[in-house]
$ cat start_19.cif   # mmCIF, C-alpha atoms
data_input
#
loop_
_atom_site.label_atom_id
_atom_site.label_comp_id
_atom_site.auth_asym_id
_atom_site.auth_seq_id
_atom_site.Cartn_x
_atom_site.Cartn_y
_atom_site.Cartn_z
CA MET N 1 109.79 -103.11 38.76
CA ALA N 2 112.21 -100.24 38.21
CA ILE N 3 113.48 -99.56 34.72
CA THR N 4 117.05 -98.75 33.82
CA LYS N 5 118.29 -95.29 32.93
CA ALA N 6 118.98 -96.46 29.36
CA ARG N 7 115.38 -97.68 29.00
CA LYS N 8 114.09 -94.38 30.38
CA ASP N 9 116.22 -92.49 27.85
CA ASN N 10 114.85 -94.68 25.04
CA LEU N 11 111.26 -94.11 26.16
CA LEU N 12 111.83 -90.36 26.49
CA ALA N 13 113.30 -90.22 22.97
CA SER N 14 110.38 -92.27 21.61
CA TYR N 15 107.78 -90.06 23.29
CA SER N 16 109.54 -86.90 22.09
CA GLU N 17 109.64 -88.20 18.53
CA LEU N 18 105.93 -89.10 18.57
CA ILE N 19 105.02 -85.72 20.08
CA GLY N 20 107.04 -83.96 17.39
CA GLN N 21 105.24 -85.88 14.62
CA SER N 22 101.74 -85.56 16.11
CA ARG N 23 99.04 -83.08 15.22
CA ALA N 24 97.22 -83.94 18.44
CA ILE N 25 97.84 -85.97 21.58
CA PHE N 26 95.09 -87.71 23.56
CA MET N 27 95.45 -89.16 27.05
CA THR N 28 93.32 -92.06 28.27
CA ASP N 29 93.11 -94.04 31.47
CA TYR N 30 93.18 -97.72 30.59
CA THR N 31 93.15 -99.20 34.13
CA GLY N 32 91.83 -102.76 34.02
CA MET N 33 91.81 -103.11 30.24
CA ASP N 34 92.94 -106.50 28.97
CA VAL N 35 95.64 -107.12 26.37
CA LYS N 36 93.17 -108.29 23.70
CA SER N 37 91.22 -105.02 23.93
CA MET N 38 94.41 -102.95 23.85
CA GLU N 39 95.58 -104.79 20.72
CA GLU N 40 92.21 -104.16 19.07
CA LEU N 41 92.53 -100.45 19.90
CA ARG N 42 96.07 -100.35 18.49
CA ARG N 43 94.81 -101.97 15.26
CA GLU N 44 92.00 -99.40 14.93
CA MET N 45 94.44 -96.56 15.62
CA ARG N 46 96.82 -97.78 12.91
CA GLY N 47 93.89 -97.70 10.49
CA VAL N 48 93.59 -93.91 10.92
CA ASN N 49 97.35 -93.24 11.04
CA GLY N 50 97.45 -93.01 14.80
CA VAL N 51 99.50 -94.64 17.53
CA ILE N 52 98.53 -95.51 21.08
CA GLN N 53 101.18 -96.31 23.64
CA VAL N 54 101.14 -97.10 27.31
CA THR N 55 103.24 -94.26 28.72
CA LYS N 56 105.09 -93.51 31.91
CA ASN N 57 103.55 -90.35 33.38
CA THR N 58 106.77 -88.67 34.48
CA LEU N 59 108.57 -89.42 31.21
CA LEU N 60 105.60 -88.22 29.15
CA LYS N 61 105.51 -84.97 31.15
CA LEU N 62 109.22 -84.50 30.52
CA ALA N 63 108.80 -85.21 26.79
CA LEU N 64 105.94 -82.69 26.60
CA GLU N 65 108.08 -80.13 28.39
CA ASN N 66 111.00 -80.78 26.01
CA ASN N 67 108.66 -80.18 23.05
CA ASP N 68 107.23 -76.95 24.54
CA LYS N 69 103.77 -78.45 24.95
CA PRO N 70 101.42 -77.65 27.83
CA ILE N 71 101.33 -80.14 30.66
CA PRO N 72 97.78 -80.64 31.93
CA GLU N 73 98.57 -81.89 35.44
CA ASP N 74 95.02 -83.04 36.24
CA ILE N 75 95.02 -85.77 33.58
CA PHE N 76 98.17 -87.59 34.67
CA LYS N 77 96.54 -89.87 37.21
CA GLY N 78 96.35 -93.64 36.99
CA GLN N 79 97.55 -95.78 34.12
CA ILE N 80 97.90 -93.57 31.06
CA ALA N 81 97.80 -94.71 27.45
CA THR N 82 98.56 -91.86 25.07
CA GLY N 83 97.14 -91.59 21.57
CA PHE N 84 99.15 -89.73 18.95
CA ALA N 85 97.43 -88.38 15.81
CA LEU N 86 100.10 -88.60 13.12
CA SER N 87 97.80 -87.15 10.44
CA GLU N 88 94.15 -86.22 11.08
CA ALA N 89 93.22 -85.42 14.68
CA PRO N 90 89.43 -85.88 14.21
CA SER N 91 89.87 -89.46 12.92
CA VAL N 92 92.01 -90.48 15.89
CA ALA N 93 89.65 -88.73 18.32
CA LYS N 94 86.72 -90.60 16.76
CA VAL N 95 88.44 -93.96 17.19
CA LEU N 96 89.20 -93.22 20.84
CA VAL N 97 85.72 -91.87 21.62
CA ASP N 98 83.99 -94.81 19.89
CA PHE N 99 86.28 -97.35 21.54
CA ALA N 100 85.71 -95.78 24.97
CA LYS N 101 81.95 -96.19 24.43
CA LYS N 102 82.25 -99.94 23.86
CA GLU N 103 85.15 -100.58 26.30
CA GLU N 104 84.11 -99.21 29.69
CA LYS N 105 87.63 -99.56 31.12
CA LEU N 106 89.04 -97.00 28.67
CA THR N 107 88.36 -93.43 29.77
CA LEU N 108 89.38 -90.28 27.95
CA THR N 109 91.09 -87.86 30.31
CA GLY N 110 92.20 -85.00 28.06
CA GLY N 111 94.43 -83.99 25.23
CA ILE N 112 96.64 -81.45 23.56
CA ILE N 113 96.33 -79.91 20.13
CA GLY N 114 98.97 -77.40 19.16
CA ASN N 115 99.68 -75.54 22.39
CA ASP N 116 96.14 -75.85 23.75
CA THR N 117 94.82 -78.42 26.16
CA LEU N 118 91.58 -80.24 25.40
CA THR N 119 88.86 -81.36 27.76
CA VAL N 120 86.97 -84.60 27.25
CA LYS N 121 84.01 -82.64 25.82
CA GLN N 122 86.30 -80.91 23.32
CA ILE N 123 87.74 -84.28 22.25
CA GLU N 124 84.20 -85.61 21.74
CA ALA N 125 83.36 -82.52 19.65
CA LEU N 126 86.54 -83.04 17.62
CA ALA N 127 85.51 -86.65 17.02
CA ASN N 128 82.23 -85.46 15.48
CA LEU N 129 84.01 -83.38 12.83
CA PRO N 130 84.11 -84.89 9.35
CA SER N 131 87.40 -86.30 8.10
CA LEU N 132 89.44 -84.49 5.47
CA ASP N 133 88.20 -86.88 2.76
CA GLN N 134 84.57 -86.25 3.77
CA LEU N 135 85.14 -82.48 3.63
CA ARG N 136 86.69 -82.79 0.17
CA ALA N 137 83.70 -84.81 -1.04
CA GLN N 138 81.30 -82.19 0.35
CA ILE N 139 83.18 -79.37 -1.38
CA ILE N 140 83.21 -81.25 -4.69
CA GLY N 141 79.48 -81.83 -4.31
CA LEU N 142 78.88 -78.13 -3.69
CA VAL N 143 81.00 -77.12 -6.66
CA SER N 144 79.53 -79.67 -9.05
CA ALA N 145 75.86 -79.02 -8.14
CA PRO N 146 75.59 -75.71 -10.10
CA ALA N 147 77.36 -77.29 -13.08
CA GLN N 148 74.87 -80.16 -13.07
CA GLY N 149 72.03 -77.62 -13.01
CA ILE N 150 73.43 -75.82 -16.06
CA VAL N 151 73.88 -79.09 -17.95
CA SER N 152 70.30 -80.09 -17.09
CA ALA N 153 68.92 -76.73 -18.27
CA ILE N 154 70.80 -76.92 -21.57
CA ALA N 155 69.83 -80.56 -22.12
CA SER N 156 66.20 -79.69 -21.37
CA GLY N 157 66.23 -76.91 -23.97
CA VAL N 158 67.84 -79.15 -26.57
CA ARG N 159 65.36 -81.90 -25.77
CA GLN N 160 62.44 -79.51 -26.33
CA VAL N 161 63.80 -78.43 -29.73
CA VAL N 162 64.31 -82.09 -30.72
CA ASN N 163 60.74 -82.90 -29.65
CA VAL N 164 59.32 -79.99 -31.72
CA VAL N 165 61.32 -81.01 -34.81
CA ASP N 166 60.29 -84.65 -34.31
CA ALA N 167 56.62 -83.68 -33.97
CA TYR N 168 56.86 -81.52 -37.10
CA ALA N 169 58.50 -84.36 -39.06
CA LYS N 170 55.80 -86.79 -37.96
CA SER N 171 53.04 -84.37 -38.93
CA GLU N 172 54.66 -83.93 -42.36
CA GLU N 173 54.83 -87.71 -42.78
CA SER N 174 51.18 -88.14 -41.79
CA GLU N 175 50.12 -85.35 -44.23
CA ALA N 176 52.13 -86.99 -47.05
CA ALA N 177 50.55 -90.35 -46.23
CA ALA N 178 47.08 -88.75 -46.23
CA GLU N 179 47.66 -87.11 -49.66
CA ALA N 180 48.95 -90.38 -51.09
CA ALA N 181 45.83 -92.20 -49.98
#
$ encode --input "start_19.cif" --output "structure tokens"
Amino acid sequence: MAITKARKDNLLASYSELIGQSRAIFMTDYTGMDVKSMEELRREMRGVNGVIQVTKNTLLKLALENNDKPIPEDIFKGQIATGFALSEAPSVAKVLVDFAKKEEKLTLTGGIIGNDTLTVKQIEALANLPSLDQLRAQIIGLVSAPAQGIVSAIASGVRQVVNVVDAYAKSEESEAAAEAA
């Protein structure tokens, strides 16, 4: 069924806005996927601040062109659902890669990050990167490890002094008890 010019203009504006807000764009072929699976994917994408939309190929190409993004011609075949990473690209890539593993009808076809196109292998590698929160936790762990070592060394030294003083006090008490007896 043909869509009206007004609807095309609305879709083009929506795609352009999402492209402008996105850190990365991922294209998938969803041919044969049912509505329930697509809704589940949308829910998972929202959880990582991503959006997935069924897109019209020609309008998406035009929106990419309007935003000075590369247009990888070889990935615009079949029914395309486009994932937009509104914050972290690795998190959105991970959701798409994991979902494609469990839903055989969803196939990654490629993507765009910045002005570079991504192959499926590059998207899978991106999905294996840790999230920003995981990286922060690793850095904090690396920074705090030496501090914990210093605290342990100081505490160990203090503990040894306390043990020597305690042993001396006990020996004095036992000598005083022996003299009193």
$ closest_residue --input "start_19.cif" --among "N:Gln79, N:Thr109, N:Thr117, N:Asn66" --to "Ala13 of chain N" --atoms "only C-alpha atoms"
N:Asn66
$ resolve_selection --input "start_19.cif" --expression "the PyMOL selection byres ((chain N and resi 126) around 12)" --output "ChimeraX atom specification"
/N:24,26,88-97,111-113,118-125,127-131
$ residues_around --input "start_19.cif" --residues "Asp29 of chain N" --least-positions-apart "3" --cutoff "9 Å" --atoms "all atoms listed in the file" --output "PDB file with C-alpha atoms, keeping the file's coordinate frame"
ATOM      1  CA  ILE N  75      95.020 -85.770  33.580  1.00  0.00           C
ATOM      2  CA  PHE N  76      98.170 -87.590  34.670  1.00  0.00           C
ATOM      3  CA  LYS N  77      96.540 -89.870  37.210  1.00  0.00           C
ATOM      4  CA  GLY N  78      96.350 -93.640  36.990  1.00  0.00           C
ATOM      5  CA  GLN N  79      97.550 -95.780  34.120  1.00  0.00           C
ATOM      6  CA  ILE N  80      97.900 -93.570  31.060  1.00  0.00           C
ATOM      7  CA  ALA N  81      97.800 -94.710  27.450  1.00  0.00           C
ATOM      8  CA  THR N  82      98.560 -91.860  25.070  1.00  0.00           C
ATOM      9  CA  LYS N 105      87.630 -99.560  31.120  1.00  0.00           C
ATOM     10  CA  LEU N 106      89.040 -97.000  28.670  1.00  0.00           C
ATOM     11  CA  THR N 107      88.360 -93.430  29.770  1.00  0.00           C
ATOM     12  CA  LEU N 108      89.380 -90.280  27.950  1.00  0.00           C
ATOM     13  CA  THR N 109      91.090 -87.860  30.310  1.00  0.00           C
TER      14      THR N 109
END
$ resolve_selection --input "start_19.cif" --expression "the PyMOL selection byres ((chain N and resi 41-43) around 10)" --output "list in words"
Val35, Lys36, Ser37, Met38, Glu39, Glu40, Glu44, Met45, Arg46, Gly47, Val48, Gly50, Val51, Ile52, Gln53, Gly83, Val95, Leu96, Phe99, Ala100 and Glu103 of chain N
$ atom_distance --input "start_19.cif" --atom1 "atom CA of Val54 of chain N" --atom2 "atom CA of Ile3 of chain N"
14.6 Å
$ atom_distance --input "start_19.cif" --atom1 "atom CA of Ala85 of chain N" --atom2 "atom CA of Lys61 of chain N"
17.7 Å
$ closest_residue --input "start_19.cif" --among "N:Lys56, N:Gly32, N:Asp133, N:Ile150" --to "Arg7 of chain N" --atoms "only C-alpha atoms"
N:Lys56
$ axis_aligned_box --input "start_19.cif" --around "segment 115-127 of chain N" --padding-each-side "4 Å" --output "AutoDock Vina command-line options"
--center_x 91.5 --center_y -81.1 --center_z 22.4 --size_x 24.3 --size_y 19.1 --size_z 18.7
$ atom_distance --input "start_19.cif" --atom1 "atom CA of Leu86 of chain N" --atom2 "atom CA of Ile19 of chain N"
9.0 Å
